[in-house]
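A.B. asks: File name entry.txt; file contents compact mmCIF, C-alpha atoms; full text below.
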# COMPACT_ATOMS: atom_id res chain seq x y z
CA MET A 1 13.35 -1.15 28.90
CA PRO A 2 12.45 1.10 25.92
CA LEU A 3 13.67 0.13 22.48
CA ASP A 4 16.73 1.91 21.14
CA GLY A 5 18.38 1.93 17.74
CA GLN A 6 20.12 -1.44 18.19
CA ASP A 7 16.87 -3.23 19.11
CA GLN A 8 15.22 -2.61 15.73
CA THR A 9 15.80 -6.23 14.68
CA LEU A 10 13.92 -7.84 17.57
CA ASP A 11 11.59 -10.58 16.43
CA ASP A 12 7.84 -10.56 17.10
CA ALA A 13 8.05 -12.95 20.05
CA GLU A 14 10.62 -10.79 21.85
CA LEU A 15 8.58 -7.65 21.25
CA LEU A 16 5.49 -9.42 22.60
CA ALA A 17 7.42 -10.55 25.69
CA ARG A 18 8.62 -6.98 26.26
CA TYR A 19 5.05 -5.71 25.92
CA ALA A 20 3.94 -8.29 28.52
CA ARG A 21 6.55 -6.80 30.87
CA GLY A 22 5.08 -3.32 30.35
CA ASP A 23 7.18 -1.94 27.49
CA ALA A 24 4.86 0.40 25.53
CA ASP A 25 7.53 1.02 22.86
CA ALA A 26 7.57 -2.71 22.06
CA ALA A 27 3.78 -2.65 21.70
CA ARG A 28 3.94 0.29 19.29
CA ARG A 29 6.64 -1.40 17.20
CA LEU A 30 4.76 -4.70 17.07
CA THR A 31 1.53 -2.90 16.16
CA THR A 32 3.25 -1.00 13.35
CA ARG A 33 4.75 -4.23 12.06
CA LEU A 34 1.67 -6.48 12.26
CA VAL A 35 -1.49 -4.40 11.77
CA PRO A 36 -0.95 -3.68 8.04
CA ARG A 37 -0.45 -7.40 7.39
CA VAL A 38 -3.50 -8.58 9.31
CA HIS A 39 -5.65 -5.79 7.88
CA ALA A 40 -4.65 -6.79 4.34
CA GLN A 41 -5.43 -10.43 5.07
CA ALA A 42 -8.84 -9.57 6.55
CA ALA A 43 -9.67 -7.21 3.67
CA ARG A 44 -8.89 -9.95 1.15
CA LEU A 45 -11.03 -12.48 2.98
CA LEU A 46 -13.95 -10.13 3.69
CA GLY A 47 -13.89 -7.79 0.72
CA ASP A 48 -14.67 -4.87 3.05
CA GLY A 49 -12.02 -2.47 4.36
CA ALA A 50 -14.04 -1.16 7.29
CA GLU A 51 -14.92 -4.65 8.45
CA ALA A 52 -11.27 -5.65 8.01
CA GLU A 53 -10.26 -2.82 10.38
CA ASP A 54 -12.60 -4.24 13.03
CA VAL A 55 -11.10 -7.71 12.56
CA ALA A 56 -7.55 -6.37 12.73
CA GLN A 57 -8.33 -4.52 15.98
CA GLU A 58 -9.99 -7.57 17.52
CA ALA A 59 -7.07 -9.81 16.51
CA MET A 60 -4.55 -7.41 18.05
CA MET A 61 -6.63 -7.15 21.24
CA ARG A 62 -6.54 -10.94 21.51
CA LEU A 63 -2.77 -10.88 21.01
CA TRP A 64 -2.35 -8.31 23.79
CA ARG A 65 -4.56 -10.40 26.12
CA ILE A 66 -2.50 -13.58 25.64
CA ALA A 67 0.88 -11.78 25.79
CA PRO A 68 1.61 -12.67 29.44
CA GLU A 69 1.04 -16.39 28.72
CA TRP A 70 2.88 -16.49 25.37
CA ARG A 71 5.35 -19.36 25.20
CA THR A 72 8.17 -18.40 22.87
CA GLY A 73 9.24 -21.17 20.53
CA GLU A 74 5.93 -23.03 20.38
CA ALA A 75 4.45 -20.99 17.52
CA LYS A 76 5.32 -17.88 15.59
CA VAL A 77 3.40 -14.77 16.61
CA THR A 78 2.39 -14.15 12.99
CA THR A 79 1.17 -17.74 12.50
CA TRP A 80 -1.02 -17.44 15.59
CA LEU A 81 -2.26 -13.99 14.56
CA TYR A 82 -3.07 -15.03 10.96
CA ARG A 83 -5.07 -17.97 12.32
CA VAL A 84 -7.04 -15.64 14.61
CA VAL A 85 -7.74 -13.26 11.70
CA SER A 86 -8.83 -16.16 9.52
CA ASN A 87 -11.20 -17.45 12.21
CA LEU A 88 -12.66 -13.99 12.84
CA CYS A 89 -13.24 -13.49 9.12
CA THR A 90 -14.83 -16.92 8.77
CA ASP A 91 -17.22 -16.11 11.62
CA ARG A 92 -18.19 -12.82 9.98
CA LEU A 93 -18.69 -14.42 6.57
CA ARG A 94 -20.99 -17.05 8.07
CA LYS A 95 -23.10 -14.39 9.77
CA ARG A 96 -23.58 -12.24 6.67
CA PRO A 97 -27.15 -12.14 5.44
CA LYS A 98 -27.82 -13.17 1.87
CA ARG A 99 -27.94 -10.14 -0.38
CA THR A 100 -31.03 -9.32 -2.38
CA VAL A 101 -31.47 -6.34 -4.65
CA ASP A 102 -34.77 -4.98 -5.94
CA LEU A 103 -33.92 -3.99 -9.50
CA ASP A 104 -36.79 -1.48 -9.57
CA ALA A 105 -35.16 0.39 -6.68
CA VAL A 106 -31.79 0.69 -8.48
CA SER A 107 -31.31 4.03 -10.22
CA GLU A 108 -29.97 4.22 -13.74
CA PRO A 109 -26.17 4.07 -13.75
CA ALA A 110 -23.96 6.79 -15.13
CA ASP A 111 -22.61 6.10 -18.63
CA ASP A 112 -19.29 4.78 -17.34
CA ALA A 113 -20.77 2.81 -14.43
CA PRO A 114 -21.36 -0.93 -14.75
CA SER A 115 -24.98 -1.93 -15.17
CA PRO A 116 -26.97 -3.18 -12.18
CA GLU A 117 -26.82 -6.65 -13.69
CA ALA A 118 -23.03 -6.48 -13.97
CA ARG A 119 -22.71 -5.28 -10.36
CA MET A 120 -25.02 -8.07 -9.20
CA LEU A 121 -23.02 -10.62 -11.18
CA ASN A 122 -19.75 -9.30 -9.70
CA ASP A 123 -21.29 -9.42 -6.21
CA ALA A 124 -22.47 -12.97 -6.83
CA ARG A 125 -19.02 -13.98 -8.04
CA ARG A 126 -17.33 -12.33 -5.04
CA ASP A 127 -19.81 -13.95 -2.63
CA ALA A 128 -19.41 -17.37 -4.26
CA LEU A 129 -15.63 -17.09 -4.04
CA ALA A 130 -15.78 -15.89 -0.41
CA GLN A 131 -18.07 -18.79 0.49
CA ALA A 132 -15.85 -21.29 -1.32
CA LEU A 133 -12.77 -19.83 0.43
CA ALA A 134 -14.51 -20.06 3.79
CA GLY A 135 -15.14 -23.76 3.13
CA LEU A 136 -11.44 -24.53 2.70
CA PRO A 137 -9.38 -25.87 5.60
CA GLU A 138 -7.72 -22.97 7.38
CA ARG A 139 -4.14 -23.49 6.20
CA GLN A 140 -5.23 -24.02 2.58
CA ARG A 141 -7.34 -20.84 2.74
CA LEU A 142 -4.44 -18.83 4.17
CA ALA A 143 -2.01 -20.16 1.54
CA VAL A 144 -4.42 -19.46 -1.35
CA VAL A 145 -5.29 -15.96 -0.11
CA LEU A 146 -1.68 -15.00 0.54
CA ARG A 147 -0.51 -16.38 -2.82
CA HIS A 148 -3.31 -15.47 -5.20
CA PHE A 149 -4.90 -12.41 -3.61
CA GLU A 150 -2.04 -10.73 -1.76
CA GLY A 151 0.61 -11.76 -4.31
CA ALA A 152 3.00 -13.21 -1.74
CA THR A 153 5.69 -15.57 -3.02
CA ASN A 154 5.86 -19.16 -1.83
CA PRO A 155 8.96 -18.46 0.32
CA GLU A 156 7.17 -15.45 1.90
CA ILE A 157 4.13 -17.60 2.64
CA ALA A 158 6.32 -20.34 4.08
CA GLU A 159 7.92 -17.76 6.39
CA ARG A 160 4.56 -16.32 7.46
CA LEU A 161 3.00 -19.71 8.16
CA GLY A 162 6.12 -21.33 9.59
CA ILE A 163 6.14 -24.19 7.06
CA SER A 164 8.31 -25.35 4.13
CA VAL A 165 7.99 -24.00 0.60
CA GLU A 166 6.97 -27.50 -0.52
CA ALA A 167 4.14 -27.48 2.03
CA VAL A 168 3.00 -24.09 0.68
CA GLU A 169 2.97 -25.46 -2.88
CA SER A 170 0.92 -28.44 -1.75
CA LEU A 171 -1.52 -26.29 0.23
CA THR A 172 -2.09 -23.86 -2.64
CA ALA A 173 -2.52 -26.65 -5.20
CA ARG A 174 -5.04 -28.50 -3.01
CA GLY A 175 -6.80 -25.22 -2.19
CA LYS A 176 -7.13 -24.29 -5.88
CA ARG A 177 -8.52 -27.75 -6.71
CA ALA A 178 -11.01 -27.51 -3.85
CA LEU A 179 -12.09 -24.02 -4.96
CA ALA A 180 -12.55 -25.21 -8.55
CA ALA A 181 -14.64 -28.15 -7.33
CA ALA A 182 -16.73 -25.92 -5.05
CA LEU A 183 -17.43 -23.42 -7.84
CA LYS A 184 -17.79 -25.92 -10.72
CA GLY A 185 -21.57 -26.24 -10.56
CA GLN A 186 -22.01 -22.46 -10.42
CA ALA A 187 -20.10 -21.51 -13.59
CA GLU A 188 -23.16 -20.84 -15.75
CA ALA A 189 -25.04 -18.97 -13.00
CA LEU A 190 -21.97 -16.79 -12.41
CA GLY A 191 -21.72 -15.87 -16.08
CA TYR A 192 -18.74 -18.04 -17.02
CA GLU A 193 -19.01 -19.79 -20.35
CA GLY A 194 -17.18 -22.93 -21.43
Render the structure in this file as structure tokens.

C.D. replies:
Amino acid sequence: MPLDGQDQTLDDAELLARYARGDADAARRLTTRLVPRVHAQAARLLGDGAEAEDVAQEAMMRLWRIAPEWRTGEAKVTTWLYRVVSNLCTDRLRKRPKRTVDLDAVSEPADDAPSPEARMLNDARRDALAQALAGLPERQRLAVVLRHFEGATNPEIAERLGISVEAVESLTARGKRALAAALKGQAEALGYEG
């Protein structure tokens, strides 16, 4: 049955169930609702918009494949989908080759462009943070990324992950401590003083 004006408030699980029964309108609505969120999450974790698009597509394809077996009430669709995105991003981060740059091959930057050294330092910082994030337990990583990179509030994160606000606070605090510990020995190499 196609969606009409009064069905605009259907939750994700109901839309997924309707898709599993062949409702293309439900699939379009669920895609419109979820893809921007999962793309943003993947982009934050990967630091690459094009790669994030690939992850978002793969995550949605997995959601469509499991739709007929989805058991409403066991997990939220978004919780399951965020976990899939996180796992796909972790796999991609692990497979990335280490970056090396031949400084002789780098052309002189324009006056307003950062120097090659500054770009390399920023890349090193981004890579160190991505690696440290990838080393966090999944729920801590999701909470930290949603809170500190996507700017979500603790109640919004609690809703997305299907947990209490207190659990979000605990996850983000433990995640920040773990990130600080993972990056502590690299402060000087990453250009941080004191």

A.B. asks: What is the distance between atom CA of A:Ala17 and atom CA of A:Val168, in Å to one decimal?

C.D. replies: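 It comes out at 28.8 Å.
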
A.B. asks: At what distance in Å, to one decimal, does atom CA of A:Arg160 lie from atom CA of A:Thr78?

C.D. replies: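 The value is 6.3 Å.
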
A.B. asks: Rounded to one decimal place, report the atom CA of A:Glu159-atom CA of A:Leu136 distance in Å.

C.D. replies: 20.8 Å

A.B. asks: Considering only C-alpha atoms, return as a short mmCIF file (atom, residue, chain, number, x, y, z; two decimals) with C-alpha atoms, keeping the file's coordinate frame whatever protein or nucleic-acid residues lie within 6 Å of stretch 120-130 of chain A, sequence-local ones (same chain, fewer than 3 positions apart) excluded.

C.D. replies:
data_model
loop_
_atom_site.label_atom_id
_atom_site.label_comp_id
_atom_site.auth_asym_id
_atom_site.auth_seq_id
_atom_site.Cartn_x
_atom_site.Cartn_y
_atom_site.Cartn_z
CA GLU A 117 -26.82 -6.65 -13.69
CA LEU A 133 -12.77 -19.83 0.43
CA LEU A 190 -21.97 -16.79 -12.41
#

A.B. asks: Would you please work out which residue, of A:Gly151, A:Pro116, A:Trp80, A:Arg92, is nearest to A:Arg139 when using all atoms listed in the file?

C.D. replies: A:Trp80

A.B. asks: Which of these, A:Gly185, A:Arg28, A:Ala143, A:Ser115, has the shortest distance to A:Ser164 once you count all atoms listed in the file?

C.D. replies: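 Nearest to A:Ser164: A:Ala143.
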
A.B. asks: List every protein, DNA or RNA residue that has at least one atom no more than 12 Å from (6.5, -22.7, 2.6) in the file's coordinates, counting all atoms listed in the file, and write the result as a ChimeraX atom specification.

C.D. replies: /A:139-140,142-143,146-147,152-172

A.B. asks: Taking 3 positions as the minimum chain separation for residues in the same chain, which residues sit within 12 Å of A:Pro36 when counting only C-alpha atoms? Answer as a ChimeraX atom specification.

C.D. replies: /A:30-33,39-43,49,52-53,55-57,60,82

A.B. asks: With C-alpha atoms retained, write the just-selected residues as a CSV table (one decimal), in the frame of the given file.

C.D. replies:
chain,number,residue,atom,x,y,z
A,30,LEU,CA,4.8,-4.7,17.1
A,31,THR,CA,1.5,-2.9,16.2
A,32,THR,CA,3.2,-1.0,13.4
A,33,ARG,CA,4.8,-4.2,12.1
A,39,HIS,CA,-5.6,-5.8,7.9
A,40,ALA,CA,-4.6,-6.8,4.3
A,41,GLN,CA,-5.4,-10.4,5.1
A,42,ALA,CA,-8.8,-9.6,6.6
A,43,ALA,CA,-9.7,-7.2,3.7
A,49,GLY,CA,-12.0,-2.5,4.4
A,52,ALA,CA,-11.3,-5.6,8.0
A,53,GLU,CA,-10.3,-2.8,10.4
A,55,VAL,CA,-11.1,-7.7,12.6
A,56,ALA,CA,-7.6,-6.4,12.7
A,57,GLN,CA,-8.3,-4.5,16.0
A,60,MET,CA,-4.6,-7.4,18.0
A,82,TYR,CA,-3.1,-15.0,11.0

A.B. asks: In the coordinate frame of the file, compute which residues have an atom within 7 Å of (-18.4, -27.1, 0.8) when using only C-alpha atoms, and state them as a PyMOL selection string.

C.D. replies: chain A and resi 132+135+182

A.B. asks: Calculated over all atoms listed in the file, which of the candidates A:Asp48, A:Asp23, A:Glu58, A:Glu14 has the smallest distance to A:Leu88?

C.D. replies: A:Glu58

A.B. asks: Of the candidates A:His148, A:Arg29, A:Leu183, A:Asp112, which shows the shortest atom-to-atom distance to A:Gln131, using all atoms listed in the file?

C.D. replies: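 Among the listed residues, A:Leu183 lies closest to A:Gln131.
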